file final-v7.txt (compact mmCIF, N, CA and C atoms)
# COMPACT_ATOMS: atom_id res chain seq x y z
N MET A 1 1.24 10.07 -56.42
CA MET A 1 2.24 10.51 -57.37
C MET A 1 3.61 10.35 -56.74
N GLY A 2 4.56 9.97 -57.54
CA GLY A 2 5.91 9.76 -57.05
C GLY A 2 6.69 11.05 -56.95
N SER A 3 7.95 10.92 -56.62
CA SER A 3 8.80 12.11 -56.50
C SER A 3 9.29 12.53 -57.88
N PHE A 4 9.84 13.75 -57.94
CA PHE A 4 10.39 14.25 -59.19
C PHE A 4 11.60 13.44 -59.60
N ASN A 5 11.84 13.33 -60.91
CA ASN A 5 12.99 12.63 -61.44
C ASN A 5 14.19 13.59 -61.44
N PRO A 6 15.19 13.36 -60.57
CA PRO A 6 16.32 14.29 -60.52
C PRO A 6 17.42 13.97 -61.54
N TYR A 7 17.28 12.90 -62.29
CA TYR A 7 18.36 12.46 -63.17
C TYR A 7 18.16 12.86 -64.64
N ASN A 8 16.94 13.10 -65.04
CA ASN A 8 16.65 13.47 -66.42
C ASN A 8 15.96 14.83 -66.41
N ILE A 9 16.63 15.86 -66.92
CA ILE A 9 16.12 17.23 -66.85
C ILE A 9 14.82 17.39 -67.64
N ILE A 10 14.69 16.69 -68.75
CA ILE A 10 13.47 16.79 -69.56
C ILE A 10 12.28 16.24 -68.79
N VAL A 11 12.45 15.06 -68.20
CA VAL A 11 11.37 14.45 -67.42
C VAL A 11 11.06 15.32 -66.20
N PHE A 12 12.09 15.86 -65.54
CA PHE A 12 11.89 16.73 -64.39
C PHE A 12 11.07 17.95 -64.77
N LEU A 13 11.41 18.61 -65.88
CA LEU A 13 10.67 19.80 -66.31
C LEU A 13 9.23 19.46 -66.67
N MET A 14 9.02 18.31 -67.31
CA MET A 14 7.67 17.88 -67.64
C MET A 14 6.86 17.63 -66.36
N GLN A 15 7.46 16.96 -65.39
CA GLN A 15 6.79 16.71 -64.12
C GLN A 15 6.50 18.02 -63.39
N LEU A 16 7.41 18.98 -63.48
CA LEU A 16 7.21 20.27 -62.83
C LEU A 16 6.05 21.04 -63.46
N VAL A 17 5.96 21.03 -64.78
CA VAL A 17 4.86 21.72 -65.47
C VAL A 17 3.53 21.07 -65.09
N ILE A 18 3.48 19.76 -65.05
CA ILE A 18 2.25 19.06 -64.67
C ILE A 18 1.88 19.39 -63.22
N SER A 19 2.87 19.41 -62.34
CA SER A 19 2.63 19.77 -60.96
C SER A 19 2.16 21.22 -60.84
N TYR A 20 2.76 22.11 -61.62
CA TYR A 20 2.41 23.52 -61.62
C TYR A 20 0.95 23.70 -62.05
N LEU A 21 0.58 23.07 -63.16
CA LEU A 21 -0.79 23.16 -63.66
C LEU A 21 -1.77 22.47 -62.72
N GLY A 22 -1.36 21.34 -62.18
CA GLY A 22 -2.23 20.61 -61.26
C GLY A 22 -2.53 21.39 -60.00
N ASN A 23 -1.55 22.13 -59.52
CA ASN A 23 -1.77 22.93 -58.33
C ASN A 23 -2.48 24.24 -58.64
N LEU A 24 -2.45 24.70 -59.89
CA LEU A 24 -3.16 25.92 -60.25
C LEU A 24 -4.62 25.63 -60.57
N ILE A 25 -4.89 24.65 -61.42
CA ILE A 25 -6.26 24.41 -61.86
C ILE A 25 -6.77 23.01 -61.53
N GLY A 26 -6.03 22.26 -60.76
CA GLY A 26 -6.44 20.90 -60.44
C GLY A 26 -7.44 20.87 -59.31
N PRO A 27 -8.06 19.78 -59.04
CA PRO A 27 -7.83 18.47 -59.64
C PRO A 27 -8.40 18.40 -61.06
N PHE A 28 -7.73 17.58 -61.86
CA PHE A 28 -8.16 17.38 -63.23
C PHE A 28 -9.30 16.38 -63.28
N ILE A 29 -9.99 16.34 -64.39
CA ILE A 29 -11.16 15.47 -64.54
C ILE A 29 -10.81 13.99 -64.34
N TRP A 30 -9.62 13.59 -64.76
CA TRP A 30 -9.24 12.17 -64.63
C TRP A 30 -8.82 11.81 -63.20
N GLN A 31 -8.71 12.80 -62.32
CA GLN A 31 -8.35 12.54 -60.93
C GLN A 31 -9.58 12.41 -60.04
N LEU A 32 -10.76 12.55 -60.61
CA LEU A 32 -11.99 12.48 -59.82
C LEU A 32 -12.33 11.02 -59.52
N LYS A 33 -12.22 10.68 -58.27
CA LYS A 33 -12.49 9.30 -57.87
C LYS A 33 -13.53 9.22 -56.75
N SER A 34 -14.02 10.38 -56.30
CA SER A 34 -15.01 10.40 -55.22
C SER A 34 -15.90 11.62 -55.36
N ILE A 35 -16.97 11.62 -54.60
CA ILE A 35 -17.91 12.75 -54.61
C ILE A 35 -17.25 14.03 -54.08
N PRO A 36 -16.45 13.99 -52.99
CA PRO A 36 -15.79 15.22 -52.55
C PRO A 36 -14.85 15.82 -53.61
N MET A 37 -14.16 14.96 -54.36
CA MET A 37 -13.28 15.47 -55.42
C MET A 37 -14.09 16.10 -56.54
N LEU A 38 -15.27 15.53 -56.83
CA LEU A 38 -16.15 16.12 -57.84
C LEU A 38 -16.63 17.50 -57.40
N ILE A 39 -16.97 17.63 -56.13
CA ILE A 39 -17.41 18.92 -55.59
C ILE A 39 -16.27 19.94 -55.67
N ILE A 40 -15.06 19.52 -55.33
CA ILE A 40 -13.90 20.40 -55.42
C ILE A 40 -13.65 20.79 -56.86
N PHE A 41 -13.79 19.85 -57.78
CA PHE A 41 -13.62 20.15 -59.20
C PHE A 41 -14.62 21.20 -59.66
N ILE A 42 -15.86 21.06 -59.23
CA ILE A 42 -16.90 22.01 -59.65
C ILE A 42 -16.67 23.40 -59.06
N PHE A 43 -16.32 23.46 -57.78
CA PHE A 43 -16.22 24.76 -57.12
C PHE A 43 -14.83 25.39 -57.14
N GLU A 44 -13.79 24.64 -57.45
CA GLU A 44 -12.44 25.20 -57.50
C GLU A 44 -11.86 25.17 -58.91
N SER A 45 -11.85 24.01 -59.52
CA SER A 45 -11.17 23.86 -60.80
C SER A 45 -11.87 24.60 -61.93
N ILE A 46 -13.17 24.41 -62.05
CA ILE A 46 -13.88 25.04 -63.16
C ILE A 46 -13.80 26.57 -63.09
N PRO A 47 -14.03 27.20 -61.92
CA PRO A 47 -13.88 28.66 -61.87
C PRO A 47 -12.44 29.12 -62.17
N MET A 48 -11.44 28.39 -61.69
CA MET A 48 -10.05 28.80 -61.93
C MET A 48 -9.69 28.62 -63.41
N ILE A 49 -10.18 27.57 -64.03
CA ILE A 49 -9.96 27.39 -65.47
C ILE A 49 -10.59 28.56 -66.23
N GLY A 50 -11.78 28.96 -65.81
CA GLY A 50 -12.44 30.11 -66.43
C GLY A 50 -11.64 31.39 -66.28
N VAL A 51 -11.10 31.62 -65.10
CA VAL A 51 -10.29 32.83 -64.86
C VAL A 51 -9.03 32.80 -65.72
N VAL A 52 -8.34 31.68 -65.73
CA VAL A 52 -7.10 31.58 -66.50
C VAL A 52 -7.36 31.80 -67.99
N PHE A 53 -8.39 31.17 -68.52
CA PHE A 53 -8.69 31.34 -69.95
C PHE A 53 -9.19 32.74 -70.26
N SER A 54 -9.95 33.33 -69.35
CA SER A 54 -10.43 34.70 -69.55
C SER A 54 -9.26 35.69 -69.61
N LEU A 55 -8.32 35.54 -68.68
CA LEU A 55 -7.15 36.42 -68.68
C LEU A 55 -6.24 36.14 -69.86
N PHE A 56 -6.14 34.89 -70.27
CA PHE A 56 -5.31 34.55 -71.42
C PHE A 56 -5.91 35.11 -72.70
N ARG A 57 -7.23 35.09 -72.80
CA ARG A 57 -7.90 35.62 -73.97
C ARG A 57 -7.69 37.14 -74.11
N LYS A 58 -7.60 37.82 -72.98
CA LYS A 58 -7.40 39.28 -72.98
C LYS A 58 -6.00 39.62 -72.49
N ARG A 59 -5.02 38.86 -72.91
CA ARG A 59 -3.67 38.99 -72.36
C ARG A 59 -3.03 40.35 -72.62
N LYS A 60 -3.30 40.99 -73.76
CA LYS A 60 -2.72 42.31 -74.03
C LYS A 60 -3.32 43.36 -73.09
N GLN A 61 -4.64 43.32 -72.94
CA GLN A 61 -5.29 44.24 -72.00
C GLN A 61 -4.81 43.98 -70.58
N PHE A 62 -4.66 42.71 -70.25
CA PHE A 62 -4.23 42.35 -68.90
C PHE A 62 -2.79 42.80 -68.64
N ALA A 63 -1.93 42.65 -69.63
CA ALA A 63 -0.54 43.12 -69.47
C ALA A 63 -0.49 44.63 -69.30
N TYR A 64 -1.31 45.34 -70.06
CA TYR A 64 -1.39 46.80 -69.91
C TYR A 64 -1.94 47.17 -68.53
N PHE A 65 -2.95 46.44 -68.07
CA PHE A 65 -3.52 46.67 -66.75
C PHE A 65 -2.46 46.49 -65.66
N LEU A 66 -1.67 45.43 -65.78
CA LEU A 66 -0.61 45.19 -64.78
C LEU A 66 0.46 46.28 -64.82
N SER A 67 0.77 46.80 -66.01
CA SER A 67 1.78 47.85 -66.09
C SER A 67 1.26 49.16 -65.48
N GLU A 68 -0.05 49.37 -65.54
CA GLU A 68 -0.65 50.58 -64.94
C GLU A 68 -0.86 50.45 -63.44
N HIS A 69 -0.99 49.25 -62.94
CA HIS A 69 -1.30 49.01 -61.53
C HIS A 69 -0.26 48.09 -60.89
N PRO A 70 0.83 48.66 -60.39
CA PRO A 70 1.88 47.81 -59.82
C PRO A 70 1.43 47.02 -58.59
N LYS A 71 0.40 47.50 -57.88
CA LYS A 71 -0.06 46.75 -56.70
C LYS A 71 -0.59 45.37 -57.10
N TYR A 72 -1.27 45.30 -58.25
CA TYR A 72 -1.76 44.01 -58.72
C TYR A 72 -0.63 43.14 -59.25
N LYS A 73 0.38 43.78 -59.79
CA LYS A 73 1.55 43.02 -60.25
C LYS A 73 2.25 42.36 -59.06
N ILE A 74 2.32 43.07 -57.95
CA ILE A 74 2.94 42.52 -56.74
C ILE A 74 2.11 41.35 -56.20
N ILE A 75 0.79 41.53 -56.17
CA ILE A 75 -0.09 40.46 -55.69
C ILE A 75 0.03 39.23 -56.60
N LEU A 76 0.05 39.45 -57.90
CA LEU A 76 0.16 38.34 -58.84
C LEU A 76 1.52 37.64 -58.73
N SER A 77 2.59 38.42 -58.55
CA SER A 77 3.91 37.79 -58.39
C SER A 77 3.97 37.00 -57.09
N GLN A 78 3.31 37.48 -56.04
CA GLN A 78 3.24 36.72 -54.79
C GLN A 78 2.50 35.41 -55.00
N SER A 79 1.40 35.46 -55.75
CA SER A 79 0.63 34.23 -55.96
C SER A 79 1.42 33.22 -56.78
N PHE A 80 2.15 33.67 -57.80
CA PHE A 80 2.92 32.71 -58.60
C PHE A 80 4.18 32.24 -57.87
N SER A 81 4.70 33.05 -56.96
CA SER A 81 5.79 32.56 -56.10
C SER A 81 5.28 31.44 -55.20
N TRP A 82 4.10 31.67 -54.64
CA TRP A 82 3.47 30.66 -53.79
C TRP A 82 3.18 29.39 -54.59
N LEU A 83 2.66 29.56 -55.81
CA LEU A 83 2.37 28.41 -56.67
C LEU A 83 3.64 27.65 -57.02
N THR A 84 4.72 28.35 -57.28
CA THR A 84 5.98 27.68 -57.60
C THR A 84 6.49 26.88 -56.41
N MET A 85 6.38 27.44 -55.20
CA MET A 85 6.80 26.68 -54.01
C MET A 85 5.95 25.43 -53.82
N ILE A 86 4.65 25.56 -54.05
CA ILE A 86 3.76 24.40 -53.92
C ILE A 86 4.11 23.36 -54.99
N ALA A 87 4.31 23.82 -56.23
CA ALA A 87 4.59 22.89 -57.33
C ALA A 87 5.90 22.14 -57.12
N LEU A 88 6.90 22.81 -56.56
CA LEU A 88 8.20 22.16 -56.34
C LEU A 88 8.21 21.21 -55.16
N THR A 89 7.35 21.46 -54.17
CA THR A 89 7.43 20.67 -52.94
C THR A 89 6.27 19.72 -52.72
N ASN A 90 5.19 19.86 -53.49
CA ASN A 90 4.00 19.07 -53.20
C ASN A 90 3.51 18.35 -54.45
N LYS A 91 3.27 17.07 -54.32
CA LYS A 91 2.65 16.31 -55.41
C LYS A 91 1.45 15.52 -54.87
N ASN A 92 0.89 15.98 -53.75
CA ASN A 92 -0.25 15.34 -53.14
C ASN A 92 -1.48 16.22 -53.36
N ILE A 93 -2.53 15.68 -53.93
CA ILE A 93 -3.72 16.46 -54.27
C ILE A 93 -4.36 17.06 -53.01
N GLY A 94 -4.52 16.28 -51.97
CA GLY A 94 -5.18 16.76 -50.76
C GLY A 94 -4.44 17.90 -50.11
N THR A 95 -3.13 17.76 -49.99
CA THR A 95 -2.33 18.83 -49.42
C THR A 95 -2.35 20.06 -50.32
N GLY A 96 -2.28 19.83 -51.63
CA GLY A 96 -2.32 20.94 -52.58
C GLY A 96 -3.60 21.73 -52.49
N LEU A 97 -4.73 21.05 -52.25
CA LEU A 97 -6.01 21.74 -52.14
C LEU A 97 -6.01 22.69 -50.95
N ARG A 98 -5.39 22.30 -49.87
CA ARG A 98 -5.33 23.17 -48.69
C ARG A 98 -4.32 24.29 -48.85
N LEU A 99 -3.21 24.01 -49.52
CA LEU A 99 -2.15 25.01 -49.66
C LEU A 99 -2.48 26.10 -50.68
N LYS A 100 -3.36 25.80 -51.64
CA LYS A 100 -3.59 26.78 -52.70
C LYS A 100 -4.70 27.77 -52.41
N ILE A 101 -5.27 27.75 -51.23
CA ILE A 101 -6.31 28.72 -50.88
C ILE A 101 -5.78 30.16 -50.94
N PRO A 102 -4.61 30.48 -50.35
CA PRO A 102 -4.10 31.86 -50.51
C PRO A 102 -3.83 32.21 -51.97
N LEU A 103 -3.38 31.26 -52.75
CA LEU A 103 -3.14 31.47 -54.17
C LEU A 103 -4.43 31.88 -54.87
N PHE A 104 -5.51 31.17 -54.60
CA PHE A 104 -6.79 31.51 -55.20
C PHE A 104 -7.25 32.89 -54.79
N ILE A 105 -7.10 33.22 -53.53
CA ILE A 105 -7.52 34.55 -53.06
C ILE A 105 -6.76 35.64 -53.80
N PHE A 106 -5.45 35.49 -53.94
CA PHE A 106 -4.65 36.50 -54.64
C PHE A 106 -5.06 36.61 -56.11
N ILE A 107 -5.25 35.49 -56.77
CA ILE A 107 -5.62 35.52 -58.19
C ILE A 107 -7.01 36.13 -58.37
N TRP A 108 -7.95 35.81 -57.50
CA TRP A 108 -9.29 36.39 -57.60
C TRP A 108 -9.26 37.90 -57.35
N ILE A 109 -8.42 38.37 -56.44
CA ILE A 109 -8.29 39.82 -56.20
C ILE A 109 -7.83 40.52 -57.48
N VAL A 110 -6.82 39.97 -58.11
CA VAL A 110 -6.30 40.56 -59.35
C VAL A 110 -7.34 40.47 -60.46
N TYR A 111 -8.00 39.34 -60.57
CA TYR A 111 -9.00 39.14 -61.62
C TYR A 111 -10.14 40.16 -61.48
N TYR A 112 -10.67 40.30 -60.28
CA TYR A 112 -11.78 41.24 -60.10
C TYR A 112 -11.31 42.69 -60.20
N GLY A 113 -10.08 42.98 -59.84
CA GLY A 113 -9.53 44.32 -60.09
C GLY A 113 -9.46 44.61 -61.58
N PHE A 114 -9.03 43.63 -62.36
CA PHE A 114 -8.97 43.77 -63.82
C PHE A 114 -10.37 43.93 -64.41
N LYS A 115 -11.32 43.10 -63.98
CA LYS A 115 -12.69 43.20 -64.49
C LYS A 115 -13.31 44.56 -64.13
N ASN A 116 -13.06 45.03 -62.92
CA ASN A 116 -13.58 46.33 -62.49
C ASN A 116 -13.00 47.45 -63.35
N GLU A 117 -11.72 47.39 -63.63
CA GLU A 117 -11.06 48.41 -64.44
C GLU A 117 -11.57 48.39 -65.88
N THR A 118 -11.74 47.21 -66.45
CA THR A 118 -12.24 47.15 -67.82
C THR A 118 -13.70 47.61 -67.91
N ASN A 119 -14.48 47.36 -66.87
CA ASN A 119 -15.87 47.84 -66.85
C ASN A 119 -15.92 49.36 -66.73
N LYS A 120 -14.99 49.95 -65.99
CA LYS A 120 -14.93 51.42 -65.87
C LYS A 120 -14.59 52.05 -67.22
N LYS A 121 -13.68 51.43 -67.96
CA LYS A 121 -13.28 51.99 -69.25
C LYS A 121 -14.38 51.87 -70.30
N ARG A 122 -15.26 50.91 -70.15
CA ARG A 122 -16.37 50.75 -71.11
C ARG A 122 -17.41 51.85 -70.95
N MET A 123 -17.54 52.37 -69.73
CA MET A 123 -18.56 53.39 -69.48
C MET A 123 -18.17 54.74 -70.01

call {"tool": "encode", "arguments": {"input": "final-v7.txt", "output": "C-alpha cells"}}
result
Amino acid sequence: MGSFNPYNIIVFLMQLVISYLGNLIGPFIWQLKSIPMLIIFIFESIPMIGVVFSLFRKRKQFAYFLSEHPKYKIILSQSFSWLTMIALTNKNIGTGLRLKIPLFIFIWIVYYGFKNETNKKRM
C-alpha cells in the first residue's frame, strides 16, 4: 500500500478510514494470499468482526455500560488511541498484525466485562 494522499482531503480521509478498519478488523478477505494470512484471518479477523458487530448491535446497552463503568471507558479510549496511531502511521499488514495485539487485548477486556455485566443483569 502506498502513502497517504496529503493533497486531497477527501482521498486522505477515505484512506484513513480504510487504514483504520484494516488495522481493527483486518486482514480483509481480499488480502488473503497465503496460508498464514488465512490462519490470521480465521483467528483474528473473524473474532474481531464478531465483537464489533455484537457491540454495535447492542450499542445502547454498551453506551450505558460504559457510562456506569469509567474504568472500561478508559481502557476503550486507550485502545482507540492506539488504533488511531497505528492507522495514521502504518499501512503495512505484517507490521499492523504485530502492533494491534495490545489493541485486541484491551477490546477483549472491555467486551468480556460487558458480557459479564449483561449476564449478571439477566439473573

call {"tool": "residues_near_point", "arguments": {"input": "final-v7.txt", "point": "(-7.5, 52.2, -64.6)", "cutoff": "8 Å", "atoms": "all atoms listed in the file", "output": "PyMOL selection string"}}
result
chain A and resi 65+68-69+116-118+120-121

call {"tool": "residues_around", "arguments": {"input": "final-v7.txt", "residues": "A:Leu97", "least_positions_apart": "6", "cutoff": "8 Å", "atoms": "all atoms listed in the file", "output": "ChimeraX atom specification"}}
result
/A:23,26-27

call {"tool": "atom_distance", "arguments": {"input": "final-v7.txt", "atom1": "atom N of A:Leu99", "atom2": "atom N of A:Thr84"}}
result
11.9 Å

call {"tool": "axis_aligned_box", "arguments": {"input": "final-v7.txt", "around": "stretch 30-39 of chain A", "padding_each_side": "4 Å", "output": "lines of an AutoDock Vina configuration file"}}
result
center_x = -13.1
center_y = 14.6
center_z = -58.7
size_x = 17.6
size_y = 18.7
size_z = 20.2

call {"tool": "residues_around", "arguments": {"input": "final-v7.txt", "residues": "A:Ile109", "least_positions_apart": "5", "cutoff": "8 Å", "atoms": "only N, CA and C atoms", "output": "ChimeraX atom specification"}}
result
/A:72,75-76,103-104,114-115

call {"tool": "residues_around", "arguments": {"input": "final-v7.txt", "residues": "stretch 30-35 of chain A", "least_positions_apart": "4", "cutoff": "12 Å", "atoms": "only C-alpha atoms", "output": "ChimeraX atom specification"}}
result
/A:1,22,26,39-42,45,92-94

call {"tool": "atom_distance", "arguments": {"input": "final-v7.txt", "atom1": "atom C of A:Ser3", "atom2": "atom C of A:Gly96"}}
result
16.7 Å

call {"tool": "atom_distance", "arguments": {"input": "final-v7.txt", "atom1": "atom CA of A:Met14", "atom2": "atom CA of A:Arg98"}}
result
23.6 Å

call {"tool": "residues_near_point", "arguments": {"input": "final-v7.txt", "point": "(9.2, 16.1, -62.8)", "cutoff": "7 Å", "atoms": "only N, CA and C atoms", "output": "PDB file with N, CA and C atoms, in the coordinates of the input"}}
result
ATOM      1  N   SER A   3       7.950  10.920 -56.620  1.00  0.00           N
ATOM      2  CA  SER A   3       8.800  12.110 -56.500  1.00  0.00           C
ATOM      3  C   SER A   3       9.290  12.530 -57.880  1.00  0.00           C
ATOM      4  N   PHE A   4       9.840  13.750 -57.940  1.00  0.00           N
ATOM      5  CA  PHE A   4      10.390  14.250 -59.190  1.00  0.00           C
ATOM      6  C   PHE A   4      11.600  13.440 -59.600  1.00  0.00           C
ATOM      7  N   ASN A   5      11.840  13.330 -60.910  1.00  0.00           N
ATOM      8  CA  ASN A   5      12.990  12.630 -61.440  1.00  0.00           C
ATOM      9  C   ASN A   5      14.190  13.590 -61.440  1.00  0.00           C
ATOM     10  N   PRO A   6      15.190  13.360 -60.570  1.00  0.00           N
ATOM     11  CA  PRO A   6      16.320  14.290 -60.520  1.00  0.00           C
ATOM     12  C   PRO A   6      17.420  13.970 -61.540  1.00  0.00           C
ATOM     13  N   ILE A  10      14.690  16.690 -68.750  1.00  0.00           N
ATOM     14  CA  ILE A  10      13.470  16.790 -69.560  1.00  0.00           C
ATOM     15  C   ILE A  10      12.280  16.240 -68.790  1.00  0.00           C
ATOM     16  N   VAL A  11      12.450  15.060 -68.200  1.00  0.00           N
ATOM     17  CA  VAL A  11      11.370  14.450 -67.420  1.00  0.00           C
ATOM     18  C   VAL A  11      11.060  15.320 -66.200  1.00  0.00           C
ATOM     19  N   PHE A  12      12.090  15.860 -65.540  1.00  0.00           N
ATOM     20  CA  PHE A  12      11.890  16.730 -64.390  1.00  0.00           C
ATOM     21  C   PHE A  12      11.070  17.950 -64.770  1.00  0.00           C
ATOM     22  N   LEU A  13      11.410  18.610 -65.880  1.00  0.00           N
ATOM     23  CA  LEU A  13      10.670  19.800 -66.310  1.00  0.00           C
ATOM     24  C   LEU A  13       9.230  19.460 -66.670  1.00  0.00           C
ATOM     25  N   MET A  14       9.020  18.310 -67.310  1.00  0.00           N
ATOM     26  CA  MET A  14       7.670  17.880 -67.640  1.00  0.00           C
ATOM     27  C   MET A  14       6.860  17.630 -66.360  1.00  0.00           C
ATOM     28  N   GLN A  15       7.460  16.960 -65.390  1.00  0.00           N
ATOM     29  CA  GLN A  15       6.790  16.710 -64.120  1.00  0.00           C
ATOM     30  C   GLN A  15       6.500  18.020 -63.390  1.00  0.00           C
ATOM     31  N   LEU A  16       7.410  18.980 -63.480  1.00  0.00           N
ATOM     32  CA  LEU A  16       7.210  20.270 -62.830  1.00  0.00           C
ATOM     33  C   LEU A  16       6.050  21.040 -63.460  1.00  0.00           C
ATOM     34  N   VAL A  17       5.960  21.030 -64.780  1.00  0.00           N
ATOM     35  CA  VAL A  17       4.860  21.720 -65.470  1.00  0.00           C
ATOM     36  C   VAL A  17       3.530  21.070 -65.090  1.00  0.00           C
TER      37      VAL A  17
END

call {"tool": "residues_around", "arguments": {"input": "final-v7.txt", "residues": "A:Phe53", "least_positions_apart": "5", "cutoff": "12 Å", "atoms": "only C-alpha atoms", "output": "mmCIF file with N, CA and C atoms, keeping the file's coordinate frame"}}
result
data_model
loop_
_atom_site.group_PDB
_atom_site.id
_atom_site.type_symbol
_atom_site.label_atom_id
_atom_site.label_comp_id
_atom_site.auth_asym_id
_atom_site.auth_seq_id
_atom_site.Cartn_x
_atom_site.Cartn_y
_atom_site.Cartn_z
ATOM 1 N N ILE A 25 -4.890 24.650 -61.420
ATOM 2 C CA ILE A 25 -6.260 24.410 -61.860
ATOM 3 C C ILE A 25 -6.770 23.010 -61.530
ATOM 4 N N ILE A 46 -13.170 24.410 -62.050
ATOM 5 C CA ILE A 46 -13.880 25.040 -63.160
ATOM 6 C C ILE A 46 -13.800 26.570 -63.090
ATOM 7 N N PRO A 47 -14.030 27.200 -61.920
ATOM 8 C CA PRO A 47 -13.880 28.660 -61.870
ATOM 9 C C PRO A 47 -12.440 29.120 -62.170
ATOM 10 N N MET A 48 -11.440 28.390 -61.690
ATOM 11 C CA MET A 48 -10.050 28.800 -61.930
ATOM 12 C C MET A 48 -9.690 28.620 -63.410
ATOM 13 N N LYS A 58 -7.600 37.820 -72.980
ATOM 14 C CA LYS A 58 -7.400 39.280 -72.980
ATOM 15 C C LYS A 58 -6.000 39.620 -72.490
ATOM 16 N N ARG A 59 -5.020 38.860 -72.910
ATOM 17 C CA ARG A 59 -3.670 38.990 -72.360
ATOM 18 C C ARG A 59 -3.030 40.350 -72.620
ATOM 19 N N PHE A 62 -4.660 42.710 -70.250
ATOM 20 C CA PHE A 62 -4.230 42.350 -68.900
ATOM 21 C C PHE A 62 -2.790 42.800 -68.640
ATOM 22 N N TYR A 111 -8.000 39.340 -60.570
ATOM 23 C CA TYR A 111 -9.000 39.140 -61.620
ATOM 24 C C TYR A 111 -10.140 40.160 -61.480
#
